[in-house]
file entry-v8.cif (mmCIF, C-alpha atoms)
data_coords
loop_
_atom_site.label_atom_id
_atom_site.label_comp_id
_atom_site.auth_asym_id
_atom_site.auth_seq_id
_atom_site.Cartn_x
_atom_site.Cartn_y
_atom_site.Cartn_z
CA ARG B 1 8.75 12.44 34.37
CA ALA B 2 7.11 10.37 31.64
CA ARG B 3 5.27 11.52 28.53
CA ILE B 4 3.11 9.79 25.93
CA ALA B 5 1.78 11.56 22.84
CA ASP B 6 -0.91 10.69 20.27
CA ALA B 7 -1.48 7.19 21.58
CA ALA B 8 -4.35 4.75 21.25
CA VAL B 9 -5.73 3.27 24.45
CA GLY B 10 -8.09 0.35 24.50
CA TRP B 11 -9.14 -3.05 25.69
CA PRO B 12 -9.83 -5.20 22.58
CA ASP B 13 -11.47 -7.99 24.59
CA VAL B 14 -14.29 -5.65 25.61
CA GLY B 15 -14.39 -3.57 22.41
CA ILE B 16 -13.18 -0.28 23.89
CA ARG B 17 -10.63 1.89 22.03
CA VAL B 18 -9.84 5.60 22.29
CA GLU B 19 -7.34 7.27 19.95
CA GLY B 20 -5.46 10.56 20.09
CA VAL B 21 -4.56 10.24 23.77
CA SER B 22 -1.67 12.12 25.39
CA ALA B 23 -0.40 11.58 28.94
CA GLU B 24 2.16 13.09 31.27
CA ALA B 25 3.16 11.94 34.76
CA GLU B 26 5.54 12.96 37.53
CA VAL B 27 6.71 9.94 39.55
CA GLU B 28 9.13 9.15 42.35
CA LEU B 29 10.44 5.89 43.78
CA GLU B 30 11.22 5.50 47.48
CA ARG B 31 14.41 3.46 47.64
CA VAL B 32 13.82 2.03 51.10
CA SER B 33 10.15 1.05 50.86
CA GLY B 34 10.07 0.48 47.10
CA ILE B 35 6.81 2.44 46.82
CA LEU B 36 6.27 4.08 43.45
CA ARG B 37 4.33 7.32 43.82
CA VAL B 38 2.60 9.13 40.99
CA LEU B 39 2.69 12.73 42.18
CA LYS B 40 0.60 14.01 39.30
CA ALA B 41 -0.74 12.41 36.15
CA THR B 42 -2.62 14.12 33.35
CA VAL B 43 -4.41 12.35 30.50
CA THR B 44 -5.94 14.39 27.67
CA SER B 45 -7.71 13.79 24.40
CA GLU B 46 -9.94 15.86 22.17
CA GLU B 47 -12.95 15.00 24.36
CA ALA B 48 -11.50 14.68 27.85
CA ARG B 49 -9.01 15.88 30.46
CA LEU B 50 -8.33 13.80 33.56
CA GLU B 51 -5.90 14.39 36.43
CA GLY B 52 -4.95 12.17 39.34
CA GLN B 53 -2.35 10.81 41.72
CA GLY B 54 -1.64 7.52 43.45
CA GLU B 55 0.93 4.99 44.59
CA LEU B 56 2.00 1.43 43.82
CA GLY B 57 3.21 -0.46 46.88
CA GLN B 58 3.53 -3.92 45.38
CA LEU B 59 3.44 -5.13 41.79
CA TRP B 60 2.18 -8.72 42.29
CA PRO B 61 -0.19 -9.32 43.83
CA MET B 62 -0.91 -5.68 43.25
CA VAL B 63 -1.22 -3.34 46.20
CA ALA B 64 -2.06 0.17 45.00
CA SER B 65 -4.37 3.17 45.35
CA ALA B 66 -5.26 6.18 43.22
CA GLU B 67 -7.76 8.98 42.95
CA GLY B 68 -8.54 11.62 40.37
CA GLY B 69 -11.10 13.33 38.23
CA GLY B 70 -11.76 15.70 35.38
CA TRP B 71 -14.16 16.48 32.58
CA ILE B 72 -15.36 14.31 29.72
CA ASP B 73 -17.30 15.35 26.64
CA ALA B 74 -20.17 12.86 26.36
CA ARG B 75 -19.33 12.42 22.67
CA LEU B 76 -16.40 10.32 23.86
CA VAL B 77 -18.91 7.83 25.27
CA SER B 78 -20.46 7.60 21.80
CA ARG B 79 -17.04 6.95 20.29
CA VAL B 80 -16.30 4.19 22.76
CA MET B 81 -19.83 2.74 22.60
CA PRO B 82 -21.31 3.73 19.21
CA ALA B 83 -24.77 2.45 20.17
CA LEU B 84 -25.08 5.32 22.65
CA GLU B 85 -26.00 8.61 20.97
CA VAL B 86 -25.20 11.08 23.74
CA THR B 87 -24.05 14.69 24.01
CA GLY B 88 -23.27 16.89 26.99
CA ARG B 89 -20.54 17.30 29.59
CA LEU B 90 -19.53 14.99 32.43
CA GLU B 91 -17.53 15.92 35.53
CA ALA B 92 -16.15 12.71 37.01
CA ARG B 93 -14.36 11.70 40.23
CA ALA B 94 -13.03 8.22 40.92
CA SER B 95 -10.98 6.40 43.53
CA PHE B 96 -9.22 3.04 43.25
CA ASP B 97 -7.54 0.75 45.75
CA THR B 98 -6.55 -2.89 45.89
CA ASP B 99 -5.01 -4.94 48.69
CA GLY B 100 -3.80 -7.73 46.45
CA ALA B 101 -6.99 -9.75 46.84
CA ARG B 102 -9.74 -7.43 45.71
CA ALA B 103 -9.90 -4.18 43.76
CA ARG B 104 -12.42 -1.44 44.50
CA VAL B 105 -13.30 1.48 42.24
CA ALA B 106 -15.82 4.13 43.32
CA VAL B 107 -17.19 6.48 40.66
CA ALA B 108 -19.18 9.71 40.95
CA VAL B 109 -20.26 11.67 37.87
CA GLU B 110 -22.01 15.03 37.57
CA VAL B 111 -23.76 15.55 34.23
CA ALA B 112 -24.83 18.81 32.56
CA ASP B 113 -26.87 19.35 29.40
CA LEU B 114 -26.91 15.61 28.73
CA GLU B 115 -28.97 14.37 25.79
CA ALA B 116 -29.43 10.69 24.95
CA PHE B 117 -30.96 9.80 21.57
CA GLY B 118 -32.15 13.42 21.34
CA ILE B 119 -34.02 13.23 24.67
CA GLY B 120 -33.01 15.95 27.13
CA PRO B 121 -31.30 18.02 28.32
CA TRP B 122 -30.75 16.38 31.71
CA THR B 123 -28.71 17.58 34.68
CA GLY B 124 -27.81 15.47 37.70
CA SER B 125 -25.50 12.79 39.06
CA VAL B 126 -24.57 9.11 38.84
CA GLU B 127 -22.81 7.19 41.60
CA GLY B 128 -21.59 3.63 41.62
CA ASN B 129 -18.65 1.24 41.71
CA LEU B 130 -16.72 -0.58 39.02
CA GLU B 131 -15.79 -4.25 39.27
CA ASP B 132 -14.63 -6.59 36.48
CA TRP B 133 -15.86 -4.21 33.75
CA GLU B 134 -19.27 -3.94 35.37
CA LEU B 135 -20.38 -0.52 36.55
CA HIS B 136 -22.87 -1.07 39.36
CA VAL B 137 -25.02 2.06 39.35
CA ASP B 138 -26.13 2.59 42.94
CA SER B 139 -27.82 5.92 42.29
CA LEU B 140 -28.85 7.76 39.14
CA SER B 141 -30.68 11.05 39.64
CA LEU B 142 -31.41 13.42 36.76
CA ALA B 143 -33.57 16.52 36.39
CA GLY B 144 -35.24 17.44 33.10
CA TYR B 145 -38.58 18.31 31.50
CA ASP B 146 -39.59 19.93 34.83
CA GLY B 147 -39.41 16.50 36.51
CA ARG B 148 -36.96 13.85 37.65
CA ALA B 149 -35.64 10.47 36.52
CA GLU B 150 -34.01 8.07 38.97
CA GLY B 151 -32.66 4.58 38.69
CA GLU B 152 -30.12 1.88 39.40
CA GLY B 153 -28.68 -1.10 37.59
CA THR B 154 -25.58 -2.74 36.16
CA LEU B 155 -23.80 -1.51 33.03
CA PHE B 156 -21.26 -3.82 31.41
CA LEU B 157 -18.59 -1.71 29.76
CA GLY B 158 -17.75 -4.36 27.19
CA ARG B 159 -19.80 -6.92 25.31
CA GLY B 160 -21.80 -8.36 28.20
CA PRO B 161 -25.41 -7.77 29.29
CA SER B 162 -26.50 -4.53 30.96
CA SER B 163 -29.74 -3.65 32.72
CA LEU B 164 -31.19 -0.48 34.19
CA ASP B 165 -34.34 0.21 36.20
CA LEU B 166 -35.66 3.73 35.67
CA ARG B 167 -38.39 5.71 37.43
CA ALA B 168 -39.75 9.04 36.23
CA SER B 169 -41.86 11.55 38.11
CA GLY B 170 -43.43 14.84 37.13
CA LEU B 171 -42.13 15.09 33.54
CA ASP B 172 -43.88 17.73 31.41
CA ALA B 173 -45.85 15.71 28.82
CA LYS B 174 -46.03 18.54 26.26
CA ALA B 175 -42.30 19.25 26.45
CA LEU B 176 -41.51 15.53 26.20
CA VAL B 177 -43.67 15.07 23.09
CA GLY B 178 -42.06 18.24 21.72
CA THR B 179 -38.79 16.31 21.52
CA TRP B 180 -40.15 14.66 18.36
CA VAL B 181 -42.98 16.96 17.23
CA GLU B 182 -42.40 20.58 16.25
CA ALA B 183 -45.91 21.64 17.32
CA PRO B 184 -47.02 19.24 20.10
CA PRO B 185 -50.68 19.04 21.14
CA PRO B 186 -51.72 21.27 24.07
CA LEU B 187 -51.13 18.68 26.80
CA ALA B 188 -51.46 19.79 30.42
CA SER B 189 -50.25 16.63 32.12
CA ALA B 190 -47.30 15.31 34.08
CA VAL B 191 -45.76 11.91 33.33
CA ASP B 192 -44.76 9.33 35.95
CA GLY B 193 -43.46 5.89 35.06
CA GLU B 194 -41.34 2.82 35.64
CA VAL B 195 -39.31 1.11 32.91
CA ARG B 196 -36.77 -1.74 32.97
CA LEU B 197 -34.19 -1.72 30.16
CA GLY B 198 -31.75 -4.39 29.00
CA ILE B 199 -29.07 -4.49 26.30
CA GLU B 200 -26.38 -6.93 25.19
CA GLY B 201 -22.95 -5.58 24.25
CA TRP B 202 -24.33 -2.08 23.58
CA ASP B 203 -25.92 -3.32 20.36
CA LEU B 204 -29.17 -1.39 19.83
CA ASP B 205 -30.66 -4.39 18.03
CA THR B 206 -30.66 -6.18 21.41
CA LEU B 207 -32.17 -3.32 23.42
CA THR B 208 -35.37 -4.37 25.18
CA GLY B 209 -37.63 -2.82 27.75
CA GLU B 210 -41.02 -2.94 29.38
CA GLY B 211 -42.91 -0.78 31.80
CA GLN B 212 -45.77 1.60 32.33
CA VAL B 213 -46.26 5.35 32.43
CA TRP B 214 -49.09 7.31 34.01
CA LEU B 215 -50.33 10.70 32.88
CA ARG B 216 -51.69 13.09 35.50
CA GLY B 217 -53.78 16.05 34.40
CA GLY B 218 -52.81 19.40 35.89
CA GLU B 219 -54.19 22.90 36.22
CA ASP B 220 -52.19 24.55 33.42
CA PRO B 221 -53.95 25.52 30.17
CA GLY B 222 -54.36 22.56 27.83
CA TRP B 223 -55.77 19.04 27.77
CA PRO B 224 -55.59 17.40 31.24
CA VAL B 225 -54.93 13.81 30.14
CA ASP B 226 -55.18 11.11 32.85
CA GLY B 227 -54.50 7.39 32.74
CA PRO B 228 -51.96 4.58 32.21
CA VAL B 229 -50.01 3.57 29.09
CA GLU B 230 -48.24 0.20 28.75
CA LEU B 231 -44.83 0.25 27.04
CA THR B 232 -42.61 -2.42 25.45
CA LEU B 233 -39.35 -1.94 23.58
CA ALA B 234 -37.83 -4.35 21.03
CA ASP B 235 -36.37 -4.28 17.53
CA ARG B 236 -35.65 -0.55 17.79
CA ARG B 237 -39.33 0.25 18.33
CA VAL B 238 -41.30 1.42 21.34
CA SER B 239 -44.80 -0.08 21.34
CA PHE B 240 -47.57 1.43 23.43
CA ALA B 241 -51.16 0.60 24.31
CA THR B 242 -53.86 2.15 26.45
CA SER B 243 -57.60 1.78 26.79
CA GLY B 244 -58.11 3.96 29.84
CA LEU B 245 -57.08 7.53 29.06
CA THR B 246 -59.50 10.32 29.90
CA VAL B 247 -59.45 13.96 28.81
CA ARG B 248 -62.14 15.69 30.84
CA THR B 249 -65.32 13.78 29.86
CA ALA B 250 -63.78 12.10 26.78
CA ARG B 251 -62.34 8.57 26.81
CA VAL B 252 -59.37 7.70 24.59
CA SER B 253 -57.86 4.38 23.52
CA ALA B 254 -54.70 3.99 21.43
CA GLU B 255 -52.13 1.43 20.37
CA GLY B 256 -49.15 1.64 18.07
CA SER B 257 -45.40 1.95 17.90
CA PHE B 258 -42.67 4.53 17.42
CA SER B 259 -39.31 3.59 15.90
CA PHE B 260 -35.86 4.94 16.66
CA SER B 261 -35.95 6.48 13.16
CA LYS B 262 -39.12 8.41 14.25
CA ASP B 263 -41.60 6.33 12.24
CA LEU B 264 -45.01 6.47 13.92
CA GLU B 265 -47.89 4.02 13.49
CA MET B 266 -50.94 4.39 15.72
CA ARG B 267 -54.63 3.52 15.83
CA TYR B 268 -56.87 5.46 18.17
CA GLY B 269 -60.45 5.85 19.31
CA LEU B 270 -62.20 8.70 21.12
CA ARG B 271 -65.67 8.75 22.64
CA LEU B 272 -67.33 11.93 23.80
CA PRO B 273 -70.46 10.78 25.68
CA GLU B 274 -71.81 14.33 25.90
CA LEU B 275 -71.24 16.71 23.00
CA GLU B 276 -71.33 19.62 25.42
CA GLY B 277 -68.02 18.30 26.80
CA GLY B 278 -66.36 19.14 23.49
CA ARG B 279 -66.70 22.82 24.29
CA ALA B 280 -64.17 22.51 27.13
CA LEU B 281 -61.78 20.45 24.99
CA LEU B 282 -61.80 23.08 22.25
CA ALA B 283 -61.34 25.83 24.84
CA ASP B 284 -58.31 23.94 26.20
CA ALA B 285 -56.84 24.20 22.69
CA GLY B 286 -57.64 27.91 22.47
CA VAL B 287 -60.73 27.52 20.26
CA GLY B 288 -64.01 29.14 21.32
CA LEU B 289 -67.53 28.05 20.40
CA PRO B 290 -70.69 30.18 20.32
CA ASP B 291 -72.82 29.82 23.41
CA LEU B 292 -75.20 27.23 21.95
CA ALA B 293 -76.98 24.35 23.65
CA LEU B 294 -75.33 21.08 22.53
CA GLY B 295 -76.50 17.49 23.05
CA GLY B 296 -75.78 13.93 21.97
CA SER B 297 -72.61 11.82 21.77
CA LEU B 298 -69.70 11.70 19.33
CA ASP B 299 -67.31 8.89 18.33
CA VAL B 300 -64.04 9.30 16.43
CA GLU B 301 -61.61 6.58 15.31
CA GLY B 302 -58.70 6.48 12.91
CA ASP B 303 -54.95 6.15 12.59
CA VAL B 304 -51.84 8.33 12.62
CA THR B 305 -48.80 7.50 10.47
CA GLY B 306 -45.65 9.22 9.29
CA ARG B 307 -42.01 9.93 9.99
CA LEU B 308 -41.96 12.75 12.51
CA PRO B 309 -42.12 15.67 12.36
CA ASP B 310 -44.26 14.89 9.26
CA TRP B 311 -47.46 12.98 9.98
CA GLN B 312 -50.95 12.28 8.68
CA ALA B 313 -54.08 11.26 10.56
CA THR B 314 -57.39 9.86 9.42
CA ALA B 315 -60.60 10.40 11.37
CA ARG B 316 -63.94 8.67 10.93
CA VAL B 317 -66.57 10.68 12.81
CA SER B 318 -70.05 9.55 13.77
CA GLY B 319 -72.70 11.03 16.01
CA GLU B 320 -76.23 10.04 16.85
CA ALA B 321 -79.01 12.00 18.51
CA LEU B 322 -76.99 15.17 18.20
CA SER B 323 -78.71 18.44 18.88
CA VAL B 324 -77.78 22.10 18.52
CA GLU B 325 -80.27 24.53 20.06
CA ASP B 326 -82.91 21.76 20.08
CA VAL B 327 -82.34 20.97 16.38
CA ASP B 328 -81.77 17.20 16.15
CA ALA B 329 -79.35 15.68 13.64
CA GLY B 330 -77.05 12.76 12.87
CA LEU B 331 -73.44 13.10 11.68
CA GLU B 332 -71.13 10.93 9.56
CA GLY B 333 -67.78 12.09 8.25
CA SER B 334 -64.32 11.16 7.04
CA LEU B 335 -61.36 13.51 7.50
CA VAL B 336 -57.65 13.51 6.72
CA VAL B 337 -55.51 15.73 8.93
CA SER B 338 -51.86 16.71 8.44
CA ARG B 339 -49.53 19.56 9.32
CA ALA B 340 -50.82 21.34 6.22
CA GLY B 341 -54.50 21.29 7.14
CA ILE B 342 -57.76 19.34 7.43
CA GLY B 343 -59.09 17.57 4.37
CA ILE B 344 -62.85 16.90 4.49
CA GLU B 345 -63.37 13.83 2.30
CA ALA B 346 -67.04 13.55 3.26
CA LEU B 347 -69.16 15.16 5.94
CA VAL B 348 -72.91 14.52 6.08
CA VAL B 349 -75.36 16.02 8.57
CA GLN B 350 -78.84 14.47 8.53
CA GLY B 351 -81.87 16.11 10.09
CA ALA B 352 -85.61 15.65 10.11
CA ASP B 353 -86.01 18.02 7.18
CA GLY B 354 -83.15 16.78 5.00
CA GLU B 355 -79.38 16.52 4.92
CA MET B 356 -76.35 18.67 4.25
CA SER B 357 -72.99 17.47 2.93
CA ALA B 358 -69.58 19.14 2.67
CA ARG B 359 -66.16 18.52 1.12
CA GLY B 360 -63.07 20.64 1.05
CA PHE B 361 -59.81 21.61 2.73
CA VAL B 362 -59.11 23.85 5.71
CA PRO B 363 -55.45 25.00 5.89
CA LEU B 364 -53.70 25.12 9.25
CA SER B 365 -51.11 27.63 10.39
CA ASP B 366 -47.58 27.44 9.01
CA ASP B 367 -46.22 25.77 12.16
CA GLY B 368 -48.66 22.85 11.78
#
call {"tool": "encode", "arguments": {"input": "entry-v8.cif", "output": "structure tokens"}}
result
Amino acid sequence: RARIADAAVGWPDVGIRVEGVSAEAEVELERVSGILRVLKATVTSEEARLEGQGELGQLWPMVASAEGGGWIDARLVSRVMPALEVTGRLEARASFDTDGARARVAVAVEVADLEAFGIGPWTGSVEGNLEDWELHVDSLSLAGYDGRAEGEGTLFLGRGPSSLDLRASGLDAKALVGTWVEAPPPLASAVDGEVRLGIEGWDLDTLTGEGQVWLRGGEDPGWPVDGPVELTLADRRVSFATSGLTVRTARVSAEGSFSFSKDLEMRYGLRLPELEGGRALLADAGVGLPDLALGGSLDVEGDVTGRLPDWQATARVSGEALSVEDVDAGLEGSLVVSRAGIGIEALVVQGADGEMSARGFVPLSDDG
């Protein structure tokens, strides 16, 4: 029987080091064959407990096999690779064998309540094989946000390059936005997408990515947003651009970026070709309008900035040939919107018989 207490385990060449490790093993040596058998081995730390068994038939070239498993707190992954901000629990199984010429390691991991960079929770599995410090992910399948994420790729466990191809389907857009915004807009869409990620040595400054997501409007209450959004990732920022989103009869364009520190910068434009279509949009958000005849078109453009969950938006509103119950008018306005309320900097309605202007502030509810 062998015991090790309060040890540090690591591989300096690949930048991996885990402290506070204890181990215990029961072994036996067959005198005739010379095979060393590990009947039971247990390795524990504050964030993990692993058990296994195996045998060593030849020291050099090595002929050996082993299998085992256990649980790992995902915080251990963050300790080993500080660039990864993950929480949750992993249940892992692995098998190892080598015939003196080639080593094979198969890995299967079940994950529960996994969050990465605050995104989650996810539940699912990862399967792959380990070779020369490269984990070849053959299958990644996770469930979260009422949808699924799948992928495959190669993860270098040291300082080399890693890449991962991810595909998402059916993610709840409102719940996903709610990861960063306390009171997300009333979205009634699912999110599909494909993204390719790359990173060098688990340094977030080298993380890059590109891909596209598609929003699909559904039947649930809220805004049924449809259309594609292009994504790029570099310098710790996700940049996005779209010119083809639709929300019922409205068309939306937007471009901007969102940083890992939750800084948002975005410019947007919205065109409502028929003012009557605004009635449905307001109803989607739970706001009712009197049953009045509406006509004309409306254009809105502006920007949104801030460090979420705090934000501020500007809106420049213009409308021509507007009509309400056959009363014709034009509209020009400038608004500032935040979690606190709507500031009306200037709002002018011009009609055949004169004009009306307004300024002021309309507070929103406490939850913004």
call {"tool": "closest_atom_pairs", "arguments": {"input": "entry-v8.cif", "of": "stretch 18-42 of chain B", "to": "stretch 60-82 of chain B", "cutoff": "9 Å", "atoms": "all atoms listed in the file", "output": "JSON lines"}}
result
{"residue": "B:Val18", "atom": "CA", "partner": "B:Val80", "partner_atom": "CA", "distance": 6.6}
{"residue": "B:Val38", "atom": "CA", "partner": "B:Ala66", "partner_atom": "CA", "distance": 8.7}
{"residue": "B:Ala41", "atom": "CA", "partner": "B:Gly68", "partner_atom": "CA", "distance": 8.9}
call {"tool": "atom_distance", "arguments": {"input": "entry-v8.cif", "atom1": "atom CA of B:Arg104", "atom2": "atom CA of B:Arg37"}}
result
18.9 Å
call {"tool": "residues_around", "arguments": {"input": "entry-v8.cif", "residues": "B:Asp6", "least_positions_apart": "3", "cutoff": "12 Å", "atoms": "all atoms listed in the file", "output": "ChimeraX atom specification"}}
result
/B:3,9,18-24,43-46
call {"tool": "resolve_selection", "arguments": {"input": "entry-v8.cif", "expression": "the PyMOL selection byres ((chain B and resi 220) around 12)", "output": "PDB file with C-alpha atoms, keeping the file's coordinate frame"}}
result
ATOM      1  CA  ASP B 172     -43.880  17.730  31.410  1.00  0.00           C
ATOM      2  CA  ALA B 173     -45.850  15.710  28.820  1.00  0.00           C
ATOM      3  CA  LYS B 174     -46.030  18.540  26.260  1.00  0.00           C
ATOM      4  CA  PRO B 186     -51.720  21.270  24.070  1.00  0.00           C
ATOM      5  CA  LEU B 187     -51.130  18.680  26.800  1.00  0.00           C
ATOM      6  CA  ALA B 188     -51.460  19.790  30.420  1.00  0.00           C
ATOM      7  CA  SER B 189     -50.250  16.630  32.120  1.00  0.00           C
ATOM      8  CA  ALA B 190     -47.300  15.310  34.080  1.00  0.00           C
ATOM      9  CA  ARG B 216     -51.690  13.090  35.500  1.00  0.00           C
ATOM     10  CA  GLY B 217     -53.780  16.050  34.400  1.00  0.00           C
ATOM     11  CA  GLY B 218     -52.810  19.400  35.890  1.00  0.00           C
ATOM     12  CA  GLU B 219     -54.190  22.900  36.220  1.00  0.00           C
ATOM     13  CA  PRO B 221     -53.950  25.520  30.170  1.00  0.00           C
ATOM     14  CA  GLY B 222     -54.360  22.560  27.830  1.00  0.00           C
ATOM     15  CA  TRP B 223     -55.770  19.040  27.770  1.00  0.00           C
ATOM     16  CA  PRO B 224     -55.590  17.400  31.240  1.00  0.00           C
ATOM     17  CA  VAL B 225     -54.930  13.810  30.140  1.00  0.00           C
ATOM     18  CA  ASP B 284     -58.310  23.940  26.200  1.00  0.00           C
ATOM     19  CA  ALA B 285     -56.840  24.200  22.690  1.00  0.00           C
TER      20      ALA B 285
END
call {"tool": "atom_distance", "arguments": {"input": "entry-v8.cif", "atom1": "atom CA of B:Gly343", "atom2": "atom CA of B:Thr314"}}
result
9.4 Å
call {"tool": "closest_residue", "arguments": {"input": "entry-v8.cif", "among": "B:Ser163, B:Ser33, B:Ser338, B:Ser297", "to": "B:Gln312", "atoms": "only C-alpha atoms"}}
result
B:Ser338
call {"tool": "residues_near_point", "arguments": {"input": "entry-v8.cif", "point": "(-33.6, -1.2, 23.8)", "cutoff": "9 Å", "atoms": "all atoms listed in the file", "output": "ChimeraX atom specification"}}
result
/B:197-199,203-209,233-238
call {"tool": "write_last_selection", "arguments": {"input": "entry-v8.cif", "atoms": "C-alpha atoms", "output": "mmCIF file, in the coordinates of the input"}}
result
data_model
loop_
_atom_site.group_PDB
_atom_site.id
_atom_site.type_symbol
_atom_site.label_atom_id
_atom_site.label_comp_id
_atom_site.auth_asym_id
_atom_site.auth_seq_id
_atom_site.Cartn_x
_atom_site.Cartn_y
_atom_site.Cartn_z
ATOM 1 C CA LEU B 197 -34.190 -1.720 30.160
ATOM 2 C CA GLY B 198 -31.750 -4.390 29.000
ATOM 3 C CA ILE B 199 -29.070 -4.490 26.300
ATOM 4 C CA ASP B 203 -25.920 -3.320 20.360
ATOM 5 C CA LEU B 204 -29.170 -1.390 19.830
ATOM 6 C CA ASP B 205 -30.660 -4.390 18.030
ATOM 7 C CA THR B 206 -30.660 -6.180 21.410
ATOM 8 C CA LEU B 207 -32.170 -3.320 23.420
ATOM 9 C CA THR B 208 -35.370 -4.370 25.180
ATOM 10 C CA GLY B 209 -37.630 -2.820 27.750
ATOM 11 C CA LEU B 233 -39.350 -1.940 23.580
ATOM 12 C CA ALA B 234 -37.830 -4.350 21.030
ATOM 13 C CA ASP B 235 -36.370 -4.280 17.530
ATOM 14 C CA ARG B 236 -35.650 -0.550 17.790
ATOM 15 C CA ARG B 237 -39.330 0.250 18.330
ATOM 16 C CA VAL B 238 -41.300 1.420 21.340
#
call {"tool": "resolve_selection", "arguments": {"input": "entry-v8.cif", "expression": "the PyMOL selection byres ((chain B and resi 356) around 12)", "output": "JSON, numbers by chain"}}
result
{"B": [329, 330, 331, 332, 333, 346, 347, 348, 349, 350, 351, 352, 353, 354, 355, 357, 358, 359]}
call {"tool": "write_last_selection", "arguments": {"input": "entry-v8.cif", "atoms": "C-alpha atoms", "output": "compact mmCIF listing (two decimals), in the frame of the given file"}}
result
# COMPACT_ATOMS: atom_id res chain seq x y z
CA ALA B 329 -79.35 15.68 13.64
CA GLY B 330 -77.05 12.76 12.87
CA LEU B 331 -73.44 13.10 11.68
CA GLU B 332 -71.13 10.93 9.56
CA GLY B 333 -67.78 12.09 8.25
CA ALA B 346 -67.04 13.55 3.26
CA LEU B 347 -69.16 15.16 5.94
CA VAL B 348 -72.91 14.52 6.08
CA VAL B 349 -75.36 16.02 8.57
CA GLN B 350 -78.84 14.47 8.53
CA GLY B 351 -81.87 16.11 10.09
CA ALA B 352 -85.61 15.65 10.11
CA ASP B 353 -86.01 18.02 7.18
CA GLY B 354 -83.15 16.78 5.00
CA GLU B 355 -79.38 16.52 4.92
CA SER B 357 -72.99 17.47 2.93
CA ALA B 358 -69.58 19.14 2.67
CA ARG B 359 -66.16 18.52 1.12
call {"tool": "resolve_selection", "arguments": {"input": "entry-v8.cif", "expression": "the PyMOL selection byres ((chain B and resi 147) around 8)", "output": "list of chain:residue names"}}
result
B:Ala143, B:Gly144, B:Tyr145, B:Asp146, B:Arg148, B:Ala149, B:Ala168, B:Ser169, B:Gly170, B:Leu171, B:Asp172
call {"tool": "closest_residue", "arguments": {"input": "entry-v8.cif", "among": "B:Leu84, B:Ala315, B:Ala321, B:Leu130", "to": "B:Glu301", "atoms": "only C-alpha atoms"}}
result
B:Ala315
call {"tool": "closest_residue", "arguments": {"input": "entry-v8.cif", "among": "B:Leu289, B:Thr246, B:Glu182, B:Ser323", "to": "B:Arg339", "atoms": "only C-alpha atoms"}}
result
B:Glu182
call {"tool": "residues_around", "arguments": {"input": "entry-v8.cif", "residues": "B:Ala241", "least_positions_apart": "6", "cutoff": "12 Å", "atoms": "all atoms listed in the file", "output": "CSV table (one decimal) with C-alpha atoms, keeping the file's coordinate frame"}}
result
chain,number,residue,atom,x,y,z
B,210,GLU,CA,-41.0,-2.9,29.4
B,211,GLY,CA,-42.9,-0.8,31.8
B,212,GLN,CA,-45.8,1.6,32.3
B,213,VAL,CA,-46.3,5.4,32.4
B,214,TRP,CA,-49.1,7.3,34.0
B,227,GLY,CA,-54.5,7.4,32.7
B,228,PRO,CA,-52.0,4.6,32.2
B,229,VAL,CA,-50.0,3.6,29.1
B,230,GLU,CA,-48.2,0.2,28.8
B,231,LEU,CA,-44.8,0.2,27.0
B,232,THR,CA,-42.6,-2.4,25.4
B,252,VAL,CA,-59.4,7.7,24.6
B,253,SER,CA,-57.9,4.4,23.5
B,254,ALA,CA,-54.7,4.0,21.4
B,255,GLU,CA,-52.1,1.4,20.4
B,256,GLY,CA,-49.2,1.6,18.1
B,257,SER,CA,-45.4,2.0,17.9
B,258,PHE,CA,-42.7,4.5,17.4
B,265,GLU,CA,-47.9,4.0,13.5
B,266,MET,CA,-50.9,4.4,15.7
B,267,ARG,CA,-54.6,3.5,15.8
B,268,TYR,CA,-56.9,5.5,18.2
B,269,GLY,CA,-60.4,5.8,19.3
call {"tool": "atom_distance", "arguments": {"input": "entry-v8.cif", "atom1": "atom CA of B:Thr249", "atom2": "atom CA of B:Glu274"}}
result
7.6 Å
call {"tool": "closest_residue", "arguments": {"input": "entry-v8.cif", "among": "B:Gly278, B:Gly201, B:Gly193, B:Gly124", "to": "B:Ser162", "atoms": "all atoms listed in the file"}}
result
B:Gly201
